[in-house]
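Enquirer: Coordinates in run_25.cif, mmCIF, C-alpha atoms, are listed below.
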data_my_file
loop_
_atom_site.group_PDB
_atom_site.id
_atom_site.type_symbol
_atom_site.label_atom_id
_atom_site.label_comp_id
_atom_site.auth_asym_id
_atom_site.auth_seq_id
_atom_site.Cartn_x
_atom_site.Cartn_y
_atom_site.Cartn_z
ATOM 1 C CA MET A 1 31.070 89.897 118.356
ATOM 2 C CA ASN A 2 31.845 90.414 114.651
ATOM 3 C CA MET A 3 30.237 93.743 113.748
ATOM 4 C CA LYS A 4 30.013 92.821 110.050
ATOM 5 C CA LYS A 5 27.370 90.229 110.915
ATOM 6 C CA LEU A 6 25.154 92.984 112.366
ATOM 7 C CA ILE A 7 25.611 95.802 109.840
ATOM 8 C CA LEU A 8 23.416 94.480 107.019
ATOM 9 C CA PRO A 9 20.544 93.174 109.218
ATOM 10 C CA SER A 10 20.517 96.494 111.101
ATOM 11 C CA LEU A 11 20.386 98.513 107.889
ATOM 12 C CA MET A 12 17.551 96.334 106.564
ATOM 13 C CA LEU A 13 15.598 96.714 109.787
ATOM 14 C CA LEU A 14 16.027 100.488 109.624
ATOM 15 C CA GLN A 15 14.935 100.524 105.963
ATOM 16 C CA GLY A 16 11.868 98.459 106.839
ATOM 17 C CA CYS A 17 10.892 100.847 109.645
ATOM 18 C CA LEU A 18 11.240 103.805 107.264
ATOM 19 C CA LEU A 19 9.096 102.097 104.609
ATOM 20 C CA PHE A 20 6.342 101.357 107.121
ATOM 21 C CA ALA A 21 6.493 104.874 108.585
ATOM 22 C CA THR A 22 6.356 106.658 105.236
ATOM 23 C CA ALA A 23 3.526 104.396 104.020
ATOM 24 C CA ILE A 24 1.107 105.732 106.647
ATOM 25 C CA PRO A 25 -0.047 108.777 104.580
ATOM 26 C CA PHE A 26 -0.858 106.467 101.639
ATOM 27 C CA TYR A 27 -3.601 104.679 103.589
ATOM 28 C CA ASN A 28 -5.690 107.856 103.338
ATOM 29 C CA GLN A 29 -5.376 107.870 99.553
ATOM 30 C CA ARG A 30 -7.682 106.145 97.107
ATOM 31 C CA PRO A 31 -5.965 102.910 95.938
ATOM 32 C CA LEU A 32 -4.208 103.011 92.605
ATOM 33 C CA ALA A 33 -4.691 99.273 92.019
ATOM 34 C CA ILE A 34 -5.535 96.018 93.787
ATOM 35 C CA SER A 35 -4.507 92.716 92.226
ATOM 36 C CA GLY A 36 -5.516 89.158 93.118
ATOM 37 C CA GLU A 37 -3.438 86.381 91.561
ATOM 38 C CA ILE A 38 -3.320 82.604 91.448
ATOM 39 C CA PHE A 39 -0.297 80.844 90.013
ATOM 40 C CA PHE A 40 1.133 77.460 89.106
ATOM 41 C CA ASN A 41 4.820 77.264 89.987
ATOM 42 C CA GLN A 42 7.190 74.303 89.608
ATOM 43 C CA SER A 43 9.178 75.229 92.709
ATOM 44 C CA THR A 44 11.897 72.883 93.976
ATOM 45 C CA THR A 45 11.246 73.912 97.592
ATOM 46 C CA SER A 46 7.437 74.023 97.898
ATOM 47 C CA THR A 47 5.093 71.150 98.697
ATOM 48 C CA ASN A 48 2.284 72.625 96.549
ATOM 49 C CA ASP A 49 2.478 73.612 92.880
ATOM 50 C CA THR A 50 -0.135 76.364 93.293
ATOM 51 C CA GLY A 51 -0.251 79.549 95.329
ATOM 52 C CA PHE A 52 -1.767 83.022 95.519
ATOM 53 C CA GLN A 53 -0.622 86.633 95.733
ATOM 54 C CA ILE A 54 -2.367 89.889 96.699
ATOM 55 C CA THR A 55 -0.882 93.239 95.631
ATOM 56 C CA TYR A 56 -1.916 96.727 96.707
ATOM 57 C CA ALA A 57 -0.630 99.972 95.163
ATOM 58 C CA SER A 58 -1.296 103.623 95.947
ATOM 59 C CA ASN A 59 0.208 106.884 94.766
ATOM 60 C CA HIS A 60 0.452 110.382 96.154
ATOM 61 C CA GLY A 61 1.718 112.930 93.659
ATOM 62 C CA GLN A 62 4.933 111.575 92.160
ATOM 63 C CA TRP A 63 5.279 108.872 94.838
ATOM 64 C CA LEU A 64 4.120 105.286 94.357
ATOM 65 C CA TRP A 65 3.813 102.744 97.184
ATOM 66 C CA GLU A 66 3.397 99.007 96.593
ATOM 67 C CA GLY A 67 2.867 96.109 98.973
ATOM 68 C CA SER A 68 2.252 92.430 98.247
ATOM 69 C CA LEU A 69 1.777 89.141 100.075
ATOM 70 C CA ARG A 70 2.541 85.843 98.347
ATOM 71 C CA HIS A 71 2.021 82.312 99.678
ATOM 72 C CA GLN A 72 2.958 78.922 98.272
ATOM 73 C CA LYS A 73 2.995 76.291 100.997
ATOM 74 C CA PRO A 74 5.224 76.265 103.024
ATOM 75 C CA GLU A 75 6.686 79.583 101.740
ATOM 76 C CA THR A 76 5.468 83.117 102.453
ATOM 77 C CA ASN A 77 6.791 86.262 100.824
ATOM 78 C CA ALA A 78 6.017 89.891 101.805
ATOM 79 C CA THR A 79 7.245 92.865 99.751
ATOM 80 C CA PHE A 80 7.096 96.614 100.420
ATOM 81 C CA ALA A 81 8.406 99.214 97.984
ATOM 82 C CA PHE A 82 8.479 102.929 97.262
ATOM 83 C CA PHE A 83 9.156 104.558 93.892
ATOM 84 C CA PHE A 84 9.557 108.198 92.977
ATOM 85 C CA LEU A 85 8.645 109.249 89.438
ATOM 86 C CA GLN A 86 10.841 111.824 87.735
ATOM 87 C CA GLY A 87 8.623 113.285 85.005
ATOM 88 C CA LYS A 88 5.226 111.850 84.063
ATOM 89 C CA PRO A 89 4.576 108.183 83.196
ATOM 90 C CA GLU A 90 3.143 109.061 79.760
ATOM 91 C CA GLN A 91 6.017 111.373 78.806
ATOM 92 C CA ARG A 92 8.504 110.288 76.173
ATOM 93 C CA ILE A 93 11.305 109.952 78.733
ATOM 94 C CA SER A 94 10.768 109.376 82.442
ATOM 95 C CA SER A 95 12.567 107.563 85.239
ATOM 96 C CA TRP A 96 11.892 105.842 88.530
ATOM 97 C CA VAL A 97 14.013 105.756 91.674
ATOM 98 C CA GLY A 98 12.976 102.941 93.989
ATOM 99 C CA THR A 99 13.679 101.101 97.199
ATOM 100 C CA GLN A 100 12.262 97.714 98.086
ATOM 101 C CA ILE A 101 12.447 95.357 101.031
ATOM 102 C CA ASN A 102 11.449 91.719 100.690
ATOM 103 C CA TYR A 103 10.913 89.175 103.475
ATOM 104 C CA PHE A 104 10.893 85.463 102.643
ATOM 105 C CA GLN A 105 10.004 82.636 105.051
ATOM 106 C CA HIS A 106 10.356 78.928 104.285
ATOM 107 C CA GLY A 107 8.749 76.808 106.954
ATOM 108 C CA SER A 108 9.473 77.892 110.522
ATOM 109 C CA SER A 109 13.254 78.284 110.653
ATOM 110 C CA ASN A 110 14.505 79.253 107.180
ATOM 111 C CA GLY A 111 14.213 82.640 105.536
ATOM 112 C CA SER A 112 15.844 85.738 104.111
ATOM 113 C CA LEU A 113 15.543 89.497 104.002
ATOM 114 C CA ALA A 114 16.520 91.341 100.816
ATOM 115 C CA LEU A 115 16.949 95.071 100.205
ATOM 116 C CA SER A 116 17.038 96.572 96.693
ATOM 117 C CA GLU A 117 17.878 100.070 95.484
ATOM 118 C CA SER A 118 17.197 100.716 91.814
ATOM 119 C CA TYR A 119 17.008 103.290 89.039
ATOM 120 C CA THR A 120 14.799 102.668 85.988
ATOM 121 C CA LEU A 121 14.758 104.689 82.768
ATOM 122 C CA ALA A 122 11.621 104.487 80.589
ATOM 123 C CA ILE A 123 11.407 105.581 76.947
ATOM 124 C CA GLN A 124 7.854 106.024 75.679
ATOM 125 C CA SER A 125 6.537 106.487 72.141
ATOM 126 C CA THR A 126 4.244 109.454 71.431
ATOM 127 C CA ALA A 127 1.381 107.323 70.061
ATOM 128 C CA LEU A 128 -1.822 107.842 72.026
ATOM 129 C CA HIS A 129 -3.435 104.394 71.821
ATOM 130 C CA ASN A 130 -0.729 102.133 70.344
ATOM 131 C CA TRP A 131 2.188 103.270 72.467
ATOM 132 C CA THR A 132 5.452 101.403 73.024
ATOM 133 C CA GLN A 133 7.581 101.570 76.155
ATOM 134 C CA ILE A 134 11.125 100.327 76.768
ATOM 135 C CA CYS A 135 12.375 100.179 80.373
ATOM 136 C CA ALA A 136 15.864 99.436 81.628
ATOM 137 C CA GLY A 137 16.647 99.272 85.323
ATOM 138 C CA THR A 138 19.842 98.784 87.279
ATOM 139 C CA GLY A 139 20.758 98.816 90.935
ATOM 140 C CA VAL A 140 22.077 96.763 93.821
ATOM 141 C CA GLN A 141 20.550 94.112 96.070
ATOM 142 C CA ALA A 142 21.693 93.022 99.518
ATOM 143 C CA ILE A 143 20.481 89.860 101.177
ATOM 144 C CA ASN A 144 20.622 88.392 104.676
ATOM 145 C CA SER A 145 19.629 84.706 104.999
ATOM 146 C CA TRP A 146 19.253 82.313 107.884
ATOM 147 C CA SER A 147 18.722 78.569 107.932
ATOM 148 C CA GLU A 148 18.581 75.737 110.435
ATOM 149 C CA TYR A 149 21.327 74.093 108.362
ATOM 150 C CA HIS A 150 23.848 76.906 109.001
ATOM 151 C CA GLU A 151 25.311 78.075 112.297
ATOM 152 C CA LEU A 152 25.592 81.734 111.202
ATOM 153 C CA PRO A 153 23.419 83.969 108.989
ATOM 154 C CA LEU A 154 24.596 84.343 105.399
ATOM 155 C CA TRP A 155 24.699 87.707 103.663
ATOM 156 C CA GLY A 156 25.979 89.215 100.449
ATOM 157 C CA VAL A 157 25.498 91.855 97.751
ATOM 158 C CA SER A 158 24.758 91.388 94.044
ATOM 159 C CA PRO A 159 23.627 93.535 91.088
ATOM 160 C CA TYR A 160 20.014 94.178 90.124
ATOM 161 C CA LEU A 161 19.134 94.248 86.415
ATOM 162 C CA HIS A 162 15.775 94.522 84.662
ATOM 163 C CA VAL A 163 14.754 95.147 81.042
ATOM 164 C CA SER A 164 11.208 95.147 79.618
ATOM 165 C CA ILE A 165 9.383 96.114 76.416
ATOM 166 C CA THR A 166 5.636 96.820 76.470
ATOM 167 C CA GLN A 167 3.348 97.359 73.482
ATOM 168 C CA ALA A 168 -0.210 98.693 73.782
ATOM 169 C CA PHE A 169 -2.892 97.981 71.185
ATOM 170 C CA ARG A 170 -5.693 100.582 71.121
ATOM 171 C CA ASN A 171 -4.929 101.098 74.806
ATOM 172 C CA ARG A 172 -6.947 97.959 75.592
ATOM 173 C CA ILE A 173 -4.445 95.123 75.120
ATOM 174 C CA PHE A 174 -0.942 95.294 76.592
ATOM 175 C CA CYS A 175 1.832 92.841 75.726
ATOM 176 C CA SER A 176 5.287 92.807 77.280
ATOM 177 C CA VAL A 177 8.453 90.718 77.475
ATOM 178 C CA PHE A 178 10.999 91.058 80.271
ATOM 179 C CA ILE A 179 14.201 89.694 81.763
ATOM 180 C CA GLY A 180 15.673 90.435 85.171
ATOM 181 C CA SER A 181 17.514 89.238 88.246
ATOM 182 C CA ASN A 182 16.846 88.919 91.956
ATOM 183 C CA THR A 183 18.515 87.519 95.058
ATOM 184 C CA LEU A 184 15.564 86.325 97.108
ATOM 185 C CA THR A 185 16.965 82.942 98.108
ATOM 186 C CA LEU A 186 18.429 81.054 101.020
ATOM 187 C CA TYR A 187 21.877 80.899 99.460
ATOM 188 C CA LYS A 188 24.749 83.335 99.987
ATOM 189 C CA SER A 189 25.185 85.808 97.103
ATOM 190 C CA GLN A 190 23.224 83.618 94.706
ATOM 191 C CA LEU A 191 22.166 85.441 91.557
ATOM 192 C CA SER A 192 18.895 84.177 90.080
ATOM 193 C CA TYR A 193 17.552 85.179 86.677
ATOM 194 C CA PHE A 194 14.028 85.204 85.330
ATOM 195 C CA TYR A 195 12.475 85.910 81.941
ATOM 196 C CA GLY A 196 8.964 85.811 80.565
ATOM 197 C CA GLY A 197 6.054 87.675 79.066
ATOM 198 C CA SER A 198 2.790 89.322 80.049
ATOM 199 C CA LEU A 199 -0.569 89.771 78.326
ATOM 200 C CA SER A 200 -3.137 92.151 79.843
ATOM 201 C CA VAL A 201 -6.636 92.791 78.477
ATOM 202 C CA ARG A 202 -8.958 95.574 79.640
ATOM 203 C CA ILE A 203 -12.323 93.896 80.238
ATOM 204 C CA SER A 204 -14.047 96.987 81.689
ATOM 205 C CA ASP A 205 -13.299 100.628 82.461
ATOM 206 C CA ASN A 206 -11.311 99.706 85.578
ATOM 207 C CA ILE A 207 -10.577 95.962 85.437
ATOM 208 C CA LEU A 208 -7.696 94.192 83.707
ATOM 209 C CA LEU A 209 -7.194 90.466 83.167
ATOM 210 C CA ASN A 210 -3.507 89.458 83.118
ATOM 211 C CA LEU A 211 -1.764 86.240 82.061
ATOM 212 C CA ARG A 212 1.960 85.969 82.772
ATOM 213 C CA PRO A 213 4.286 83.012 82.079
ATOM 214 C CA LEU A 214 7.880 83.202 83.316
ATOM 215 C CA VAL A 215 10.929 81.022 83.908
ATOM 216 C CA HIS A 216 13.405 81.211 86.825
ATOM 217 C CA LEU A 217 17.014 80.141 86.259
ATOM 218 C CA SER A 218 19.121 79.673 89.409
ATOM 219 C CA ASP A 219 22.813 78.786 89.466
ATOM 220 C CA LEU A 220 23.224 77.481 93.013
ATOM 221 C CA PRO A 221 26.714 77.679 94.585
ATOM 222 C CA SER A 222 26.304 74.117 95.914
ATOM 223 C CA GLU A 223 25.246 72.651 92.573
ATOM 224 C CA SER A 224 26.971 72.078 89.243
ATOM 225 C CA THR A 225 23.837 72.592 87.171
ATOM 226 C CA VAL A 226 21.255 75.300 86.578
ATOM 227 C CA ILE A 227 17.891 74.763 88.259
ATOM 228 C CA THR A 228 14.884 75.767 86.118
ATOM 229 C CA MET A 229 11.468 76.635 87.588
ATOM 230 C CA ARG A 230 8.453 77.582 85.467
ATOM 231 C CA GLN A 231 5.491 79.679 86.600
ATOM 232 C CA LEU A 232 2.138 80.662 85.072
ATOM 233 C CA THR A 233 0.078 83.416 86.736
ATOM 234 C CA LEU A 234 -3.504 84.564 86.194
ATOM 235 C CA ALA A 235 -4.409 87.915 87.780
ATOM 236 C CA VAL A 236 -7.483 90.130 88.044
ATOM 237 C CA ILE A 237 -6.571 93.793 88.568
ATOM 238 C CA TRP A 238 -8.890 96.547 89.736
ATOM 239 C CA TYR A 239 -7.507 100.058 89.162
ATOM 240 C CA ASP A 240 -8.545 103.678 89.577
ATOM 241 C CA LYS A 241 -9.648 104.921 86.156
ATOM 242 C CA GLU A 242 -8.548 108.469 86.994
ATOM 243 C CA LYS A 243 -4.977 107.256 87.635
ATOM 244 C CA GLU A 244 -4.657 104.718 84.848
ATOM 245 C CA SER A 245 -1.554 106.322 83.305
ATOM 246 C CA PHE A 246 0.314 105.554 86.535
ATOM 247 C CA LEU A 247 -0.752 101.912 86.390
ATOM 248 C CA LEU A 248 -0.537 101.116 82.690
ATOM 249 C CA HIS A 249 3.003 102.421 82.337
ATOM 250 C CA ARG A 250 4.186 100.394 85.344
ATOM 251 C CA LEU A 251 2.026 97.343 84.716
ATOM 252 C CA GLU A 252 4.774 94.741 84.276
ATOM 253 C CA GLU A 253 6.843 95.885 87.264
ATOM 254 C CA LEU A 254 3.771 96.242 89.501
ATOM 255 C CA LEU A 255 2.826 92.623 88.938
#
Represent the structure from my file as structure tokens, please.
Expert:
Amino acid sequence: MNMKKLILPSLMLLQGCLLFATAIPFYNQRPLAISGEIFFNQSTTSTNDTGFQITYASNHGQWLWEGSLRHQKPETNATFAFFFLQGKPEQRISSWVGTQINYFQHGSSNGSLALSESYTLAIQSTALHNWTQICAGTGVQAINSWSEYHELPLWGVSPYLHVSITQAFRNRIFCSVFIGSNTLTLYKSQLSYFYGGSLSVRISDNILLNLRPLVHLSDLPSESTVITMRQLTLAVIWYDKEKESFLLHRLEELL
């Protein structure tokens, strides 16, 4: 048996076990945020144009844990991630070191498992209510895919890139633009790009309303053209008022 075919799936399984094991202490913590989302997505692989996503986040000291479940018939996506904050989120310069595992299932016999390791540097203005934040992240993503149309699983490695700019207005309205990449797909070493914006409005002391349009661009190895998919998301976010600096300065990446 070719050992290379087992190395990446084994590493991903080990990473998933570690994420689940280290998440146990976070269940005893008060949630940082809970988000419920509905979205319209022009996906080329889904039978429905609408779907939903639920996201849960909790922090313990400098550690942040996030988990989400997304469904758009017939596709289901589950994500688990840990981030460690170096510094404080409201400081002028801070950084995040993160690991994320993402499981994707299309129908009953097609899917993928992606593992990402990333480092994000955040530069924050000193303004109290009208602050500006610029984030730049880089890292690596590995993916293992399987499909009923292929005899063997497909796997590969590609870079992770992410850049965002967020502007707060009186600490009640938050606007951001972003561009990034991901490899969550059924195709070997495919690099997909996305870009978009986000508008969040604080409607009470611990509730945010978020509207987020974005566009996916995918250059498939089997195609000679770029596939474009558009998505519009509406989210209601409950958050812990006592921990709002953790949420507000990671708002775009959390969603």
Enquirer: Residue by residue, what does the PyMOL selection byres ((chain A and resi 216) around 9) grab here? Present the result as a ChimeraX atom specification.
Expert: /A:192-196,214-215,217-218,227-231
Enquirer: Pick from A:Trp96, A:Tyr239, A:Tyr160, A:Tyr149: nearest to Ile203 in chain A, with all atoms listed in the file counted?
Expert: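 Among the listed residues, A:Tyr239 lies closest to Ile203 in chain A.
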Enquirer: Check the smallest atom-to-atom distance from each of A:Gln72, A:Cys135, A:Gly180, A:Lys243 to His60 in chain A using only C-alpha atoms, then report the winner.
Expert: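 Of A:Gln72, A:Cys135, A:Gly180, A:Lys243, the one nearest His60 in chain A, counting only C-alpha atoms, is A:Lys243.
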Enquirer: To one decimal place, how far is CA of Gly137 in chain A from CA of Leu251 in chain A in Å?
Expert: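 Distance between the two atoms: 14.8 Å.
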Enquirer: Quick one: residues within 8 Å of range 81-93 of chain A, only C-alpha atoms, excluding same-chain residues fewer than 4 positions away - as a count of residues only?
Expert: 21
Enquirer: I need the output of the PyMOL selection byres ((chain A and resi 232) around 6) for this file as a ChimeraX atom specification; which residues are they?
Expert: /A:39-40,212-213,231,233
Enquirer: Kindly indicate which residue among A:Tyr103, A:Phe178, A:Tyr119, A:Trp238 lies nearest to Asp205 in chain A, using only C-alpha atoms for the distances.
Expert: A:Trp238
Enquirer: Output the residue selection produced by the PyMOL selection byres ((chain A and resi 174) around 10) on the file above, formatted as a compact mmCIF listing (two decimals) with C-alpha atoms, keeping the file's coordinate frame.
Expert:
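Contents of the output file result-v4.txt:
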# COMPACT_ATOMS: atom_id res chain seq x y z
CA ASN A 130 -0.73 102.13 70.34
CA TRP A 131 2.19 103.27 72.47
CA THR A 132 5.45 101.40 73.02
CA THR A 166 5.64 96.82 76.47
CA GLN A 167 3.35 97.36 73.48
CA ALA A 168 -0.21 98.69 73.78
CA PHE A 169 -2.89 97.98 71.18
CA ARG A 170 -5.69 100.58 71.12
CA ASN A 171 -4.93 101.10 74.81
CA ARG A 172 -6.95 97.96 75.59
CA ILE A 173 -4.44 95.12 75.12
CA CYS A 175 1.83 92.84 75.73
CA SER A 176 5.29 92.81 77.28
CA SER A 198 2.79 89.32 80.05
CA LEU A 199 -0.57 89.77 78.33
CA SER A 200 -3.14 92.15 79.84
CA VAL A 201 -6.64 92.79 78.48
CA ARG A 202 -8.96 95.57 79.64
CA LEU A 208 -7.70 94.19 83.71
CA ASN A 210 -3.51 89.46 83.12
CA LEU A 248 -0.54 101.12 82.69
CA HIS A 249 3.00 102.42 82.34
CA LEU A 251 2.03 97.34 84.72
CA GLU A 252 4.77 94.74 84.28
Enquirer: Quote the spacing between CA of Val236 in chain A and CA of Leu161 in chain A in Å to one decimal place.
Expert: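 Computing the Euclidean distance for CA of Val236 in chain A and CA of Leu161 in chain A yields 27.0 Å.
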Enquirer: For range 237-250 of chain A, I'd like the enclosing box, axis-aligned and padded by 4 Å on every side, reported as lines of an AutoDock Vina configuration file with centre and edge lengths in Å to one decimal.
Expert:
center_x = -2.7
center_y = 101.1
center_z = 86.0
size_x = 21.8
size_y = 22.7
size_z = 15.4
Enquirer: Calculated over all atoms listed in the file, which of the candidates A:Val177, A:Ala142, A:Leu113, A:Ile207 has the smallest distance to Lys241 in chain A?
Expert: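 Checking each of A:Val177, A:Ala142, A:Leu113, A:Ile207 against Lys241 in chain A, counting all atoms listed in the file, the winner is A:Ile207.
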Enquirer: Please compute the CA of Trp155 in chain A-CA of Asn48 in chain A distance, one decimal, in Å.
Expert: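 These two atoms are separated by 27.9 Å.
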Enquirer: Contacts of Trp146 in chain A at 7 Å or less, counting only C-alpha atoms, minus same-chain residues fewer than 6 places along, as a PyMOL selection string?
Expert: chain A and resi 110-112+153-154
Enquirer: Convert the current residue selection to file output with C-alpha atoms, as a tab-separated table (two decimals), in the frame of the given file.
Expert:
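New file out_36.tsv:
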chain	number	residue	atom	x	y	z
A	110	ASN	CA	14.50	79.25	107.18
A	111	GLY	CA	14.21	82.64	105.54
A	112	SER	CA	15.84	85.74	104.11
A	153	PRO	CA	23.42	83.97	108.99
A	154	LEU	CA	24.60	84.34	105.40
Enquirer: I want to know what sits within 12 Å of Ser46 in chain A, based on only C-alpha atoms, with residues of the same chain fewer than 4 positions away left out; could you give that as a PyMOL selection string?
Expert: chain A and resi 40-42+50-51+71-76+105-107+229
